[in-house]
>>> print(open('entry36.pdb').read())   # PDB, C-alpha atoms, pLDDT in the B column
ATOM      1  CA  MET A  88      13.428  -9.518  17.294  1.00 45.00           C
ATOM      2  CA  VAL A  89      10.068  -8.476  15.817  1.00 52.00           C
ATOM      3  CA  PRO A  90       8.567 -11.393  13.845  1.00 51.00           C
ATOM      4  CA  ALA A  91       8.550 -10.757  10.109  1.00 48.00           C
ATOM      5  CA  ALA A  92       5.339 -10.946   8.103  1.00 51.00           C
ATOM      6  CA  PRO A  93       5.032 -14.187   6.122  1.00 50.00           C
ATOM      7  CA  GLN A  94       5.819 -14.167   2.424  1.00 50.00           C
ATOM      8  CA  THR A  95       2.852 -14.963   0.177  1.00 59.00           C
ATOM      9  CA  GLY A  96       4.304 -15.754  -3.226  1.00 73.00           C
ATOM     10  CA  PHE A  97       4.790 -12.346  -4.844  1.00 85.00           C
ATOM     11  CA  PRO A  98       7.736 -12.247  -7.255  1.00 80.00           C
ATOM     12  CA  TYR A  99       9.989  -9.259  -7.863  1.00 85.00           C
ATOM     13  CA  GLU A 100      10.226  -8.106  -4.250  1.00 93.00           C
ATOM     14  CA  PRO A 101      13.055  -5.656  -3.464  1.00 95.00           C
ATOM     15  CA  ASP A 102      16.241  -7.160  -2.101  1.00 95.00           C
ATOM     16  CA  PRO A 103      16.513  -6.748   1.699  1.00 95.00           C
ATOM     17  CA  GLU A 104      19.656  -4.692   1.073  1.00 96.00           C
ATOM     18  CA  CYS A 105      18.189  -2.753  -1.859  1.00 97.00           C
ATOM     19  CA  GLY A 106      20.441   0.143  -2.845  1.00 96.00           C
ATOM     20  CA  PHE A 107      18.393   1.764  -5.618  1.00 97.00           C
ATOM     21  CA  CYS A 108      17.877   4.829  -3.414  1.00 98.00           C
ATOM     22  CA  PRO A 109      21.135   5.777  -1.626  1.00 98.00           C
ATOM     23  CA  ARG A 110      19.424   8.133   0.831  1.00 98.00           C
ATOM     24  CA  LEU A 111      16.920   5.480   1.921  1.00 98.00           C
ATOM     25  CA  ALA A 112      19.605   2.799   2.127  1.00 98.00           C
ATOM     26  CA  ALA A 113      21.715   5.048   4.350  1.00 98.00           C
ATOM     27  CA  PHE A 114      18.720   5.791   6.553  1.00 98.00           C
ATOM     28  CA  ARG A 115      18.008   2.066   6.937  1.00 98.00           C
ATOM     29  CA  THR A 116      21.635   1.474   7.878  1.00 97.00           C
ATOM     30  CA  SER A 117      21.475   4.121  10.596  1.00 98.00           C
ATOM     31  CA  LEU A 118      18.258   2.609  11.946  1.00 98.00           C
ATOM     32  CA  LYS A 119      19.811  -0.861  12.076  1.00 97.00           C
ATOM     33  CA  ALA A 120      22.478   0.508  14.389  1.00 97.00           C
ATOM     34  CA  GLN A 121      19.891   2.209  16.598  1.00 97.00           C
ATOM     35  CA  GLN A 122      17.236  -0.528  16.540  1.00 97.00           C
ATOM     36  CA  PRO A 123      18.785  -3.856  15.502  1.00 97.00           C
ATOM     37  CA  GLY A 124      15.630  -5.772  16.433  1.00 97.00           C
ATOM     38  CA  TRP A 125      13.458  -3.897  13.950  1.00 97.00           C
ATOM     39  CA  HIS A 126      12.674  -4.986  10.377  1.00 97.00           C
ATOM     40  CA  ASN A 127      14.692  -2.100   8.846  1.00 98.00           C
ATOM     41  CA  ALA A 128      14.383  -3.295   5.240  1.00 98.00           C
ATOM     42  CA  PRO A 129      12.005  -2.944   2.293  1.00 98.00           C
ATOM     43  CA  VAL A 130       8.597  -4.014   3.592  1.00 97.00           C
ATOM     44  CA  PRO A 131       7.100  -6.952   1.665  1.00 96.00           C
ATOM     45  CA  ILE A 132       3.551  -7.138   0.390  1.00 97.00           C
ATOM     46  CA  PHE A 133       0.951  -8.385   2.856  1.00 97.00           C
ATOM     47  CA  GLY A 134      -1.616 -10.648   1.201  1.00 96.00           C
ATOM     48  CA  ALA A 135      -1.857 -13.110  -1.649  1.00 94.00           C
ATOM     49  CA  ARG A 136      -1.304 -12.895  -5.398  1.00 94.00           C
ATOM     50  CA  ASP A 137      -4.808 -14.167  -6.162  1.00 95.00           C
ATOM     51  CA  ALA A 138      -6.434 -11.246  -4.338  1.00 96.00           C
ATOM     52  CA  HIS A 139      -9.110  -9.120  -6.003  1.00 97.00           C
ATOM     53  CA  LEU A 140      -8.178  -5.934  -4.124  1.00 98.00           C
ATOM     54  CA  LEU A 141      -4.826  -4.148  -3.815  1.00 98.00           C
ATOM     55  CA  ILE A 142      -4.359  -1.294  -1.327  1.00 98.00           C
ATOM     56  CA  VAL A 143      -1.419   1.040  -1.936  1.00 98.00           C
ATOM     57  CA  GLY A 144      -0.087   3.400   0.713  1.00 98.00           C
ATOM     58  CA  LEU A 145       2.729   5.933   0.732  1.00 98.00           C
ATOM     59  CA  ALA A 146       5.692   4.316   2.529  1.00 98.00           C
ATOM     60  CA  PRO A 147       6.428   2.343   5.699  1.00 98.00           C
ATOM     61  CA  GLY A 148       6.072   4.287   8.927  1.00 97.00           C
ATOM     62  CA  LEU A 149       9.200   4.619  11.049  1.00 97.00           C
ATOM     63  CA  ASN A 150       7.661   3.028  14.143  1.00 95.00           C
ATOM     64  CA  GLY A 151       5.086   1.055  12.202  1.00 97.00           C
ATOM     65  CA  ALA A 152       5.878  -1.140   9.207  1.00 97.00           C
ATOM     66  CA  ASN A 153       9.600  -0.399   9.345  1.00 98.00           C
ATOM     67  CA  ARG A 154       9.591  -1.838  12.850  1.00 97.00           C
ATOM     68  CA  THR A 155       7.171  -4.750  12.385  1.00 97.00           C
ATOM     69  CA  GLY A 156       7.798  -5.725   8.758  1.00 97.00           C
ATOM     70  CA  ARG A 157       4.103  -5.656   7.757  1.00 97.00           C
ATOM     71  CA  PRO A 158       2.397  -2.760   5.950  1.00 98.00           C
ATOM     72  CA  PHE A 159       0.380  -0.454   8.222  1.00 98.00           C
ATOM     73  CA  THR A 160       1.213  -2.451  11.335  1.00 98.00           C
ATOM     74  CA  GLY A 161       2.263  -0.745  14.544  1.00 96.00           C
ATOM     75  CA  ASP A 162       1.019   2.816  14.055  1.00 92.00           C
ATOM     76  CA  PHE A 163      -2.266   4.763  14.037  1.00 93.00           C
ATOM     77  CA  ALA A 164      -2.831   4.450  10.284  1.00 96.00           C
ATOM     78  CA  GLY A 165      -2.965   0.686  10.673  1.00 96.00           C
ATOM     79  CA  GLU A 166      -5.548   0.883  13.438  1.00 96.00           C
ATOM     80  CA  LEU A 167      -7.978   2.747  11.188  1.00 97.00           C
ATOM     81  CA  LEU A 168      -7.151   0.747   8.060  1.00 98.00           C
ATOM     82  CA  TYR A 169      -7.478  -2.736   9.541  1.00 98.00           C
ATOM     83  CA  GLU A 170     -10.547  -1.775  11.575  1.00 97.00           C
ATOM     84  CA  THR A 171     -12.202  -0.699   8.326  1.00 98.00           C
ATOM     85  CA  LEU A 172     -11.027  -3.742   6.360  1.00 98.00           C
ATOM     86  CA  ILE A 173     -12.455  -6.056   9.024  1.00 98.00           C
ATOM     87  CA  GLU A 174     -15.747  -4.144   9.022  1.00 98.00           C
ATOM     88  CA  TYR A 175     -16.182  -4.547   5.260  1.00 97.00           C
ATOM     89  CA  GLY A 176     -15.029  -8.148   5.077  1.00 97.00           C
ATOM     90  CA  PHE A 177     -11.612  -7.538   3.533  1.00 98.00           C
ATOM     91  CA  ALA A 178      -9.806  -8.846   6.632  1.00 98.00           C
ATOM     92  CA  ALA A 179     -10.507 -11.383   9.371  1.00 97.00           C
ATOM     93  CA  GLY A 180      -9.127 -11.833  12.857  1.00 96.00           C
ATOM     94  CA  THR A 181      -7.961  -9.296  15.411  1.00 95.00           C
ATOM     95  CA  TYR A 182      -5.478  -6.538  14.704  1.00 96.00           C
ATOM     96  CA  ARG A 183      -2.947  -6.347  17.542  1.00 94.00           C
ATOM     97  CA  ALA A 184      -0.305  -4.158  15.852  1.00 93.00           C
ATOM     98  CA  ARG A 185       2.063  -7.127  15.447  1.00 94.00           C
ATOM     99  CA  SER A 186       2.947  -9.039  12.301  1.00 95.00           C
ATOM    100  CA  ASP A 187       2.239 -12.311  14.138  1.00 94.00           C
ATOM    101  CA  ASP A 188      -1.225 -11.335  15.414  1.00 95.00           C
ATOM    102  CA  GLY A 189      -2.939 -13.841  13.107  1.00 94.00           C
ATOM    103  CA  LEU A 190      -4.810 -11.182  11.138  1.00 97.00           C
ATOM    104  CA  ARG A 191      -5.421 -12.266   7.555  1.00 96.00           C
ATOM    105  CA  LEU A 192      -6.658 -10.432   4.505  1.00 97.00           C
ATOM    106  CA  VAL A 193      -9.653 -11.717   2.604  1.00 97.00           C
ATOM    107  CA  SER A 194      -8.977 -11.517  -1.136  1.00 96.00           C
ATOM    108  CA  GLY A 195      -6.818  -8.461  -0.507  1.00 97.00           C
ATOM    109  CA  ALA A 196      -3.196  -7.360  -0.545  1.00 98.00           C
ATOM    110  CA  ILE A 197      -1.436  -4.279   0.828  1.00 98.00           C
ATOM    111  CA  THR A 198       1.761  -2.588  -0.311  1.00 98.00           C
ATOM    112  CA  ASN A 199       3.314   0.883  -0.514  1.00 98.00           C
ATOM    113  CA  ALA A 200       4.376   3.123  -3.379  1.00 98.00           C
ATOM    114  CA  VAL A 201       7.794   3.329  -1.673  1.00 98.00           C
ATOM    115  CA  ARG A 202       8.928   0.152   0.079  1.00 98.00           C
ATOM    116  CA  CYS A 203      11.523   1.651   2.447  1.00 98.00           C
ATOM    117  CA  VAL A 204      10.966   4.088   5.288  1.00 98.00           C
ATOM    118  CA  PRO A 205      11.946   7.636   4.217  1.00 98.00           C
ATOM    119  CA  PRO A 206      13.335  10.261   6.583  1.00 97.00           C
ATOM    120  CA  GLN A 207      10.507  12.412   7.992  1.00 94.00           C
ATOM    121  CA  ASN A 208       8.055  10.245   6.018  1.00 93.00           C
ATOM    122  CA  LYS A 209       8.874  12.223   2.853  1.00 96.00           C
ATOM    123  CA  PRO A 210      10.224  10.232  -0.106  1.00 98.00           C
ATOM    124  CA  ALA A 211      11.923  12.186  -2.875  1.00 98.00           C
ATOM    125  CA  PRO A 212      10.401  12.111  -6.385  1.00 98.00           C
ATOM    126  CA  SER A 213      13.358  10.049  -7.615  1.00 98.00           C
ATOM    127  CA  GLU A 214      12.771   7.495  -4.835  1.00 98.00           C
ATOM    128  CA  ILE A 215       9.113   7.170  -5.762  1.00 98.00           C
ATOM    129  CA  ALA A 216      10.132   6.620  -9.384  1.00 98.00           C
ATOM    130  CA  ASN A 217      12.820   4.088  -8.423  1.00 97.00           C
ATOM    131  CA  CYS A 218      10.255   1.997  -6.553  1.00 97.00           C
ATOM    132  CA  ARG A 219       7.496   2.229  -9.180  1.00 97.00           C
ATOM    133  CA  PRO A 220       8.684  -0.842 -11.136  1.00 95.00           C
ATOM    134  CA  PHE A 221       8.026  -2.959  -8.041  1.00 96.00           C
ATOM    135  CA  LEU A 222       4.490  -1.558  -7.891  1.00 96.00           C
ATOM    136  CA  ALA A 223       3.914  -2.219 -11.597  1.00 94.00           C
ATOM    137  CA  LYS A 224       5.238  -5.765 -11.255  1.00 93.00           C
ATOM    138  CA  THR A 225       2.965  -6.335  -8.266  1.00 95.00           C
ATOM    139  CA  ILE A 226      -0.045  -5.305 -10.348  1.00 94.00           C
ATOM    140  CA  MET A 227       1.053  -7.578 -13.165  1.00 92.00           C
ATOM    141  CA  ALA A 228       1.507 -10.504 -10.774  1.00 92.00           C
ATOM    142  CA  MET A 229      -2.155 -10.385  -9.649  1.00 93.00           C
ATOM    143  CA  PRO A 230      -4.271 -12.251 -12.225  1.00 92.00           C
ATOM    144  CA  ASN A 231      -7.574 -11.713 -10.369  1.00 94.00           C
ATOM    145  CA  LEU A 232      -7.076  -8.041  -9.544  1.00 96.00           C
ATOM    146  CA  ARG A 233     -10.285  -6.041  -9.921  1.00 96.00           C
ATOM    147  CA  ALA A 234      -9.758  -2.949  -7.769  1.00 97.00           C
ATOM    148  CA  ILE A 235      -6.985  -0.784  -6.313  1.00 98.00           C
ATOM    149  CA  VAL A 236      -7.401   1.660  -3.440  1.00 98.00           C
ATOM    150  CA  ALA A 237      -4.860   4.494  -3.411  1.00 98.00           C
ATOM    151  CA  LEU A 238      -4.258   5.957   0.039  1.00 98.00           C
ATOM    152  CA  GLY A 239      -3.088   9.481  -0.691  1.00 98.00           C
ATOM    153  CA  ARG A 240      -1.914  11.484  -3.672  1.00 98.00           C
ATOM    154  CA  ILE A 241       1.548   9.930  -3.977  1.00 98.00           C
ATOM    155  CA  ALA A 242       0.128   6.405  -4.111  1.00 98.00           C
ATOM    156  CA  HIS A 243      -2.482   7.520  -6.638  1.00 98.00           C
ATOM    157  CA  GLU A 244       0.021   9.211  -8.913  1.00 97.00           C
ATOM    158  CA  SER A 245       2.433   6.283  -8.808  1.00 97.00           C
ATOM    159  CA  ILE A 246      -0.351   3.882  -9.789  1.00 96.00           C
ATOM    160  CA  VAL A 247      -1.519   6.111 -12.643  1.00 95.00           C
ATOM    161  CA  ARG A 248       2.045   6.503 -13.918  1.00 94.00           C
ATOM    162  CA  ALA A 249       2.581   2.737 -13.678  1.00 93.00           C
ATOM    163  CA  TYR A 250      -0.271   2.400 -16.160  1.00 91.00           C
ATOM    164  CA  GLY A 251       1.369   4.931 -18.461  1.00 88.00           C
ATOM    165  CA  LEU A 252      -1.452   7.459 -18.068  1.00 90.00           C
ATOM    166  CA  ARG A 253      -1.222  11.218 -17.733  1.00 91.00           C
ATOM    167  CA  LEU A 254      -2.090  12.530 -14.276  1.00 95.00           C
ATOM    168  CA  SER A 255      -4.504  15.026 -15.824  1.00 94.00           C
ATOM    169  CA  VAL A 256      -6.613  12.119 -17.051  1.00 91.00           C
ATOM    170  CA  CYS A 257      -7.016  10.742 -13.517  1.00 94.00           C
ATOM    171  CA  PRO A 258      -6.533  13.547 -10.980  1.00 97.00           C
ATOM    172  CA  PHE A 259      -6.437  12.621  -7.311  1.00 98.00           C
ATOM    173  CA  VAL A 260      -9.722  13.439  -5.575  1.00 98.00           C
ATOM    174  CA  HIS A 261     -10.871  11.760  -2.387  1.00 98.00           C
ATOM    175  CA  GLY A 262     -13.792   9.448  -3.119  1.00 98.00           C
ATOM    176  CA  SER A 263     -13.199   9.361  -6.861  1.00 97.00           C
ATOM    177  CA  GLU A 264     -13.321   6.223  -8.975  1.00 97.00           C
ATOM    178  CA  TYR A 265     -11.524   5.565 -12.257  1.00 96.00           C
ATOM    179  CA  VAL A 266     -11.195   2.661 -14.670  1.00 94.00           C
ATOM    180  CA  LEU A 267      -7.642   1.623 -15.531  1.00 93.00           C
ATOM    181  CA  GLY A 268      -7.002  -0.685 -18.458  1.00 80.00           C
ATOM    182  CA  GLY A 269      -4.195  -2.527 -20.183  1.00 58.00           C
ATOM    183  CA  SER A 270      -0.812  -3.543 -18.869  1.00 53.00           C
ATOM    184  CA  PRO A 271       1.316  -1.193 -16.760  1.00 54.00           C
ATOM    185  CA  ASP A 272       4.200   0.399 -18.621  1.00 48.00           C
ATOM    186  CA  GLY A 273       7.844   0.779 -17.694  1.00 43.00           C
ATOM    187  CA  GLU A 274      10.147  -2.025 -16.667  1.00 40.00           C
ATOM    188  CA  ALA A 275       7.201  -4.233 -15.763  1.00 39.00           C
ATOM    189  CA  ALA A 276       6.175  -4.486 -19.402  1.00 40.00           C
ATOM    190  CA  ALA A 277       9.283  -6.558 -20.075  1.00 30.00           C
ATOM    191  CA  ILE A 278       7.991  -9.455 -17.981  1.00 31.00           C
ATOM    192  CA  GLY A 279       4.828  -9.924 -20.016  1.00 34.00           C
ATOM    193  CA  ALA A 280       1.218  -8.757 -20.153  1.00 39.00           C
ATOM    194  CA  LEU A 281      -1.340  -8.992 -17.364  1.00 32.00           C
ATOM    195  CA  ALA A 282      -2.944 -12.416 -17.084  1.00 28.00           C
ATOM    196  CA  SER A 283      -6.326 -10.726 -17.538  1.00 34.00           C
ATOM    197  CA  ALA A 284      -7.164  -7.794 -19.805  1.00 41.00           C
ATOM    198  CA  LYS A 285     -10.165  -6.899 -17.645  1.00 69.00           C
ATOM    199  CA  PRO A 286     -10.255  -3.276 -16.497  1.00 87.00           C
ATOM    200  CA  VAL A 287      -9.220  -2.474 -12.947  1.00 95.00           C
ATOM    201  CA  LEU A 288     -11.086   0.061 -10.816  1.00 96.00           C
ATOM    202  CA  LEU A 289      -9.045   2.706  -8.987  1.00 97.00           C
ATOM    203  CA  PHE A 290     -10.538   4.251  -5.837  1.00 98.00           C
ATOM    204  CA  ASP A 291      -8.992   7.301  -4.157  1.00 98.00           C
ATOM    205  CA  SER A 292      -8.869   8.095  -0.453  1.00 98.00           C
ATOM    206  CA  TYR A 293      -6.950  10.533   1.645  1.00 98.00           C
ATOM    207  CA  HIS A 294      -4.257   8.680   3.570  1.00 98.00           C
ATOM    208  CA  CYS A 295      -5.453   7.337   6.919  1.00 98.00           C
ATOM    209  CA  SER A 296      -2.649   9.066   8.834  1.00 97.00           C
ATOM    210  CA  ARG A 297      -3.057  10.488  12.307  1.00 95.00           C
ATOM    211  CA  TYR A 298      -2.369  13.964  10.899  1.00 96.00           C
ATOM    212  CA  ASN A 299      -5.235  13.713   8.397  1.00 98.00           C
ATOM    213  CA  THR A 300      -7.688  12.397  10.967  1.00 97.00           C
ATOM    214  CA  ASN A 301      -6.643  14.858  13.693  1.00 97.00           C
ATOM    215  CA  THR A 302      -7.044  17.814  11.336  1.00 97.00           C
ATOM    216  CA  GLY A 303     -10.371  16.610   9.953  1.00 97.00           C
ATOM    217  CA  VAL A 304      -9.049  16.152   6.423  1.00 98.00           C
ATOM    218  CA  LEU A 305     -10.223  12.544   6.707  1.00 98.00           C
ATOM    219  CA  THR A 306     -12.965  11.300   9.028  1.00 98.00           C
ATOM    220  CA  LYS A 307     -13.765   7.686   9.816  1.00 97.00           C
ATOM    221  CA  ASP A 308     -17.031   8.022   7.907  1.00 98.00           C
ATOM    222  CA  MET A 309     -15.216   9.359   4.833  1.00 98.00           C
ATOM    223  CA  PHE A 310     -12.800   6.438   4.985  1.00 98.00           C
ATOM    224  CA  ARG A 311     -15.565   3.899   5.531  1.00 98.00           C
ATOM    225  CA  ALA A 312     -17.469   5.302   2.568  1.00 98.00           C
ATOM    226  CA  VAL A 313     -14.564   4.521   0.232  1.00 98.00           C
ATOM    227  CA  PHE A 314     -14.376   0.891   1.306  1.00 98.00           C
ATOM    228  CA  GLY A 315     -18.143   0.643   1.324  1.00 98.00           C
ATOM    229  CA  LYS A 316     -18.065   1.626  -2.337  1.00 97.00           C
ATOM    230  CA  VAL A 317     -15.313  -0.901  -3.034  1.00 98.00           C
ATOM    231  CA  ARG A 318     -17.345  -3.637  -1.345  1.00 97.00           C
ATOM    232  CA  GLU A 319     -20.408  -2.663  -3.356  1.00 96.00           C
ATOM    233  CA  ARG A 320     -18.481  -2.835  -6.632  1.00 95.00           C
ATOM    234  CA  LEU A 321     -16.740  -6.122  -5.854  1.00 95.00           C
ATOM    235  CA  GLY A 322     -19.667  -7.787  -4.125  1.00 87.00           C
ATOM    236  CA  THR A 323     -19.155 -10.785  -1.868  1.00 64.00           C
ATOM    237  CA  LEU A 324     -15.899 -12.538  -2.705  1.00 57.00           C
TER     238      LEU A 324
END
>>> encode(input="entry36.pdb", output="structure tokens")
Amino acid sequence: MVPAAPQTGFPYEPDPECGFCPRLAAFRTSLKAQQPGWHNAPVPIFGARDAHLLIVGLAPGLNGANRTGRPFTGDFAGELLYETLIEYGFAAGTYRARSDDGLRLVSGAITNAVRCVPPQNKPAPSEIANCRPFLAKTIMAMPNLRAIVALGRIAHESIVRAYGLRLSVCPFVHGSEYVLGGSPDGEAAAIGALASAKPVLLFDSYHCSRYNTNTGVLTKDMFRAVFGKVRERLGTL
């Protein structure tokens, strides 16, 4: 059995048997039969509620987070992400592609726009929408949040929609920076306003997938530049 990542106090996590998206639930069920020792459930947030930085990816990787139970752990995207987070002081320890490797985030948290692994790594629009309330509630549960990094267009658009903004106001462009304000809309609004009305910075990056790096869409220097900017804006935490 792969050790599960420790829980860190976030409320409103999806149920391990979440059925909001029938296609994803059926896929998880098939994976449980094939790989009973894997996580095979919605992947919980990695990090703490009092973090200043939230990183949002697309969805758990089949052989990565879906296997290990920790976001970006066990596949190539995690190697680049955690290497960069350690370099810029947002993580400490050694990344060993296991949820029990002792790696810890420093004033950071990581989640995905879609919490369950989708077939062929392609969630349907309805599945992204079904999972957005969990993203909005995550944002609302972080009283010290100052910045969000969106890894890829889907993560970016789900964040912008969680804030009730039109996509045309904040188009996805690698390296861009936006200011988001107010409380996210949707179901999350029912649980109350953000603890702080301070604006939150949104930084965009292409997703750190093997495909993007192999094709040159994203280079290590491009990725490092995004987190260098985040570090510059947030300073030493």
>>> resolve_selection(input="entry36.pdb", expression="the PyMOL selection byres ((chain A and resi 297) around 12)", output="list in words")
Gly148, Asp162, Phe163, Ala164, Gly165, Glu166, Leu167, Leu168, Tyr293, His294, Cys295, Ser296, Tyr298, Asn299, Thr300, Asn301, Thr302, Gly303, Val304, Leu305, Thr306 and Lys307 of chain A
>>> write_last_selection(input="entry36.pdb", atoms="C-alpha atoms", output="tab-separated table (two decimals), in the coordinates of the input")
chain	number	residue	atom	x	y	z
A	148	GLY	CA	6.07	4.29	8.93
A	162	ASP	CA	1.02	2.82	14.06
A	163	PHE	CA	-2.27	4.76	14.04
A	164	ALA	CA	-2.83	4.45	10.28
A	165	GLY	CA	-2.96	0.69	10.67
A	166	GLU	CA	-5.55	0.88	13.44
A	167	LEU	CA	-7.98	2.75	11.19
A	168	LEU	CA	-7.15	0.75	8.06
A	293	TYR	CA	-6.95	10.53	1.64
A	294	HIS	CA	-4.26	8.68	3.57
A	295	CYS	CA	-5.45	7.34	6.92
A	296	SER	CA	-2.65	9.07	8.83
A	298	TYR	CA	-2.37	13.96	10.90
A	299	ASN	CA	-5.24	13.71	8.40
A	300	THR	CA	-7.69	12.40	10.97
A	301	ASN	CA	-6.64	14.86	13.69
A	302	THR	CA	-7.04	17.81	11.34
A	303	GLY	CA	-10.37	16.61	9.95
A	304	VAL	CA	-9.05	16.15	6.42
A	305	LEU	CA	-10.22	12.54	6.71
A	306	THR	CA	-12.96	11.30	9.03
A	307	LYS	CA	-13.76	7.69	9.82
>>> atom_distance(input="entry36.pdb", atom1="CA of Leu141 (chain A)", atom2="CA of Arg202 (chain A)")
14.9 Å
>>> resolve_selection(input="entry36.pdb", expression="the PyMOL selection byres ((chain A and resi 182) around 12)", output="MDAnalysis selection string")
chainID A and resid 157 159:163 165:174 178:181 183:192
>>> residues_around(input="entry36.pdb", residues="Gly106 (chain A)", least_positions_apart="5", cutoff="12 Å", atoms="only C-alpha atoms", output="list of chain:residue names")
A:Pro101, A:Leu111, A:Ala112, A:Ala113, A:Phe114, A:Arg115, A:Thr116, A:Ala128, A:Pro129, A:Arg202, A:Cys203, A:Glu214, A:Asn217, A:Cys218
>>> atom_distance(input="entry36.pdb", atom1="CA of Phe177 (chain A)", atom2="CA of Leu267 (chain A)")
21.5 Å
>>> residues_around(input="entry36.pdb", residues="Arg233 (chain A)", least_positions_apart="2", cutoff="7 Å", atoms="only C-alpha atoms", output="ChimeraX atom specification")
/A:139-140,231,287-288
>>> resolve_selection(input="entry36.pdb", expression="the PyMOL selection byres ((chain A and resi 321) around 10)", output="MDAnalysis selection string")
chainID A and resid 139:140 233:234 288 315:320 322:324
>>> residues_near_point(input="entry36.pdb", point="(-9.4, 12.3, -9.6)", cutoff="12 Å", atoms="all atoms listed in the file", output="ChimeraX atom specification")
/A:237,239-240,243-244,247,253-266,289-293
>>> residues_near_point(input="entry36.pdb", point="(19.1, 3.2, 10.8)", cutoff="12 Å", atoms="all atoms listed in the file", output="list in words")
Arg110, Leu111, Ala112, Ala113, Phe114, Arg115, Thr116, Ser117, Leu118, Lys119, Ala120, Gln121, Gln122, Pro123, Gly124, Trp125, His126, Asn127, Ala128, Leu149, Asn150, Asn153, Arg154, Cys203, Val204, Pro205 and Pro206 of chain A
>>> residues_around(input="entry36.pdb", residues="Gly144 (chain A)", least_positions_apart="6", cutoff="6 Å", atoms="only C-alpha atoms", output="count of residues only")
3
>>> atom_distance(input="entry36.pdb", atom1="CA of Pro212 (chain A)", atom2="CA of Ala228 (chain A)")
24.7 Å
